[in-house]
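*Asks:* Pasting in a structure now, in structure tokens, and then I'll have a few things to ask.
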Amino acid sequence: MKYNFTVLIEQGEDGSYISTVPALKSCYTQADSIPELLEKTQEVIELCLEVQKDIPAAAKFIGIQQVEIAI
């Protein structure tokens, strides 16, 4: 069976990259480079799918917006 997941990638304060898969509970990882991050992300998705039995239907990706707030 094939699945498509949206993956969010951010850069931490220390320069490392962090990926999160919102559709899967506790599905995230980090690495020092994007290629390494993508490989680790695929591995962690596979692990999450082994544990999580109720896999959600794919949500339609609309987009991402960054919002700046001055306090």
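Each chain in the structure tokens gets a letter, A, B and so on, in the order shown; residues start at 1 in every chain, and ligands are counted from 1 in the order they appear.
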Please identify all polymer residues within 12 Å of Leu47 (chain A), counting only C-alpha atoms, omitting same-chain residues fewer than 5 positions from it, and present them as a tab-separated table (two decimals) with N, CA, C and O atoms, in the first residue's frame.

*Replies:*
chain	number	residue	atom	x	y	z
A	24	LEU	N	0.82	11.93	11.51
A	24	LEU	CA	1.18	10.79	12.35
A	24	LEU	C	1.63	11.26	13.72
A	24	LEU	O	2.47	12.17	13.83
A	25	LYS	N	1.10	10.65	14.75
A	25	LYS	CA	1.43	11.05	16.13
A	25	LYS	C	2.91	10.81	16.43
A	25	LYS	O	3.46	9.77	16.10
A	26	SER	N	3.53	11.81	17.03
A	26	SER	CA	4.93	11.72	17.47
A	26	SER	C	5.88	11.31	16.35
A	26	SER	O	6.83	10.57	16.58
A	27	CYS	N	5.63	11.79	15.15
A	27	CYS	CA	6.46	11.42	14.00
A	27	CYS	C	7.33	12.60	13.60
A	27	CYS	O	6.87	13.51	12.89
A	28	TYR	N	8.56	12.60	14.10
A	28	TYR	CA	9.49	13.68	13.81
A	28	TYR	C	10.91	13.17	13.95
A	28	TYR	O	11.16	12.14	14.58
A	29	THR	N	11.85	13.89	13.34
A	29	THR	CA	13.27	13.54	13.44
A	29	THR	C	14.09	14.77	13.13
A	29	THR	O	13.55	15.81	12.74
A	40	LYS	N	16.16	9.99	7.04
A	40	LYS	CA	15.69	9.69	8.39
A	40	LYS	C	14.18	9.86	8.50
A	40	LYS	O	13.51	9.12	9.23
A	41	THR	N	13.62	10.82	7.76
A	41	THR	CA	12.18	11.04	7.78
A	41	THR	C	11.45	9.83	7.21
A	41	THR	O	10.45	9.38	7.78
A	42	GLN	N	11.95	9.30	6.13
A	42	GLN	CA	11.32	8.11	5.55
A	42	GLN	C	11.37	6.93	6.54
A	42	GLN	O	10.38	6.21	6.71
A	52	GLN	N	1.33	2.81	14.59
A	52	GLN	CA	0.01	3.45	14.52
A	52	GLN	C	-0.91	2.63	13.63
A	52	GLN	O	-0.67	2.47	12.45
A	53	LYS	N	-1.97	2.12	14.21
A	53	LYS	CA	-2.89	1.25	13.47
A	53	LYS	C	-3.96	2.05	12.73
A	53	LYS	O	-4.42	1.64	11.68

*Asks:* Among the residues of region 15-67 of chain A, find those DSSP assigns to strand (DSSP E) from the backbone and print them as a list in words.

*Replies:*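 The strand (DSSP E) residues within region 15-67 of chain A come out as Tyr17, Ile18, Ser19, Thr20, Tyr28, Thr29, Gln30 and Ala31 of chain A.
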
*Asks:* Got a sec: who's within 7 Å of Tyr17 (chain A), counting only C-alpha atoms, leaving out chain neighbours fewer than 3 positions off, as a short mmCIF file (atom, residue, chain, number, x, y, z; two decimals) with N, CA and C atoms, in the first residue's frame?

*Replies:*
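The file below, selection-v1.cif, is the result:
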data_model
loop_
_atom_site.label_atom_id
_atom_site.label_comp_id
_atom_site.auth_asym_id
_atom_site.auth_seq_id
_atom_site.Cartn_x
_atom_site.Cartn_y
_atom_site.Cartn_z
N ILE A 9 9.45 20.93 7.28
CA ILE A 9 10.88 21.00 7.57
C ILE A 9 11.21 22.39 8.08
N GLU A 10 11.87 22.42 9.23
CA GLU A 10 12.29 23.68 9.86
C GLU A 10 13.77 23.59 10.20
N GLN A 11 14.38 24.74 10.42
CA GLN A 11 15.77 24.75 10.85
C GLN A 11 15.82 25.23 12.29
N GLY A 12 16.46 24.44 13.15
CA GLY A 12 16.57 24.79 14.55
C GLY A 12 17.60 25.88 14.79
N GLN A 30 15.40 14.67 13.31
CA GLN A 30 16.28 15.78 12.97
C GLN A 30 17.60 15.27 12.43
N ALA A 31 18.30 16.15 11.69
CA ALA A 31 19.58 15.79 11.09
C ALA A 31 20.36 17.07 10.79
N ASP A 32 21.62 16.89 10.41
CA ASP A 32 22.49 18.04 10.12
C ASP A 32 22.42 18.51 8.67
N SER A 33 21.82 17.71 7.78
CA SER A 33 21.70 18.10 6.37
C SER A 33 20.33 17.67 5.84
N ILE A 34 19.88 18.31 4.77
CA ILE A 34 18.59 17.96 4.18
C ILE A 34 18.59 16.53 3.63
N LEU A 37 18.25 14.29 6.48
CA LEU A 37 16.93 14.46 7.08
C LEU A 37 15.87 13.70 6.30
#

*Asks:* List the spatial neighbours of region 59-69 of chain A as a ChimeraX atom specification - criterion: any atom at most 9 Å away, only C-alpha atoms, same-chain residues fewer than 5 positions off excluded.

*Replies:* /A:5-6,23

*Asks:* Restricted to C-alpha atoms, what would the selected residues look like written as a JSON list (two decimals), in the first residue's frame?

*Replies:*
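out-v9.json written:
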[["chain", "number", "residue", "atom", "x", "y", "z"],
["A", 5, "PHE", "CA", 2.35, 12.46, 3.79],
["A", 6, "THR", "CA", 3.01, 16.16, 4.12],
["A", 23, "ALA", "CA", -0.70, 13.28, 10.15]]

*Asks:* List every residue of chain A that DSSP, applied to the backbone of this structure, assigns to alpha helix (DSSP H), and report them as a PyMOL selection string.

*Replies:* chain A and resi 34-51
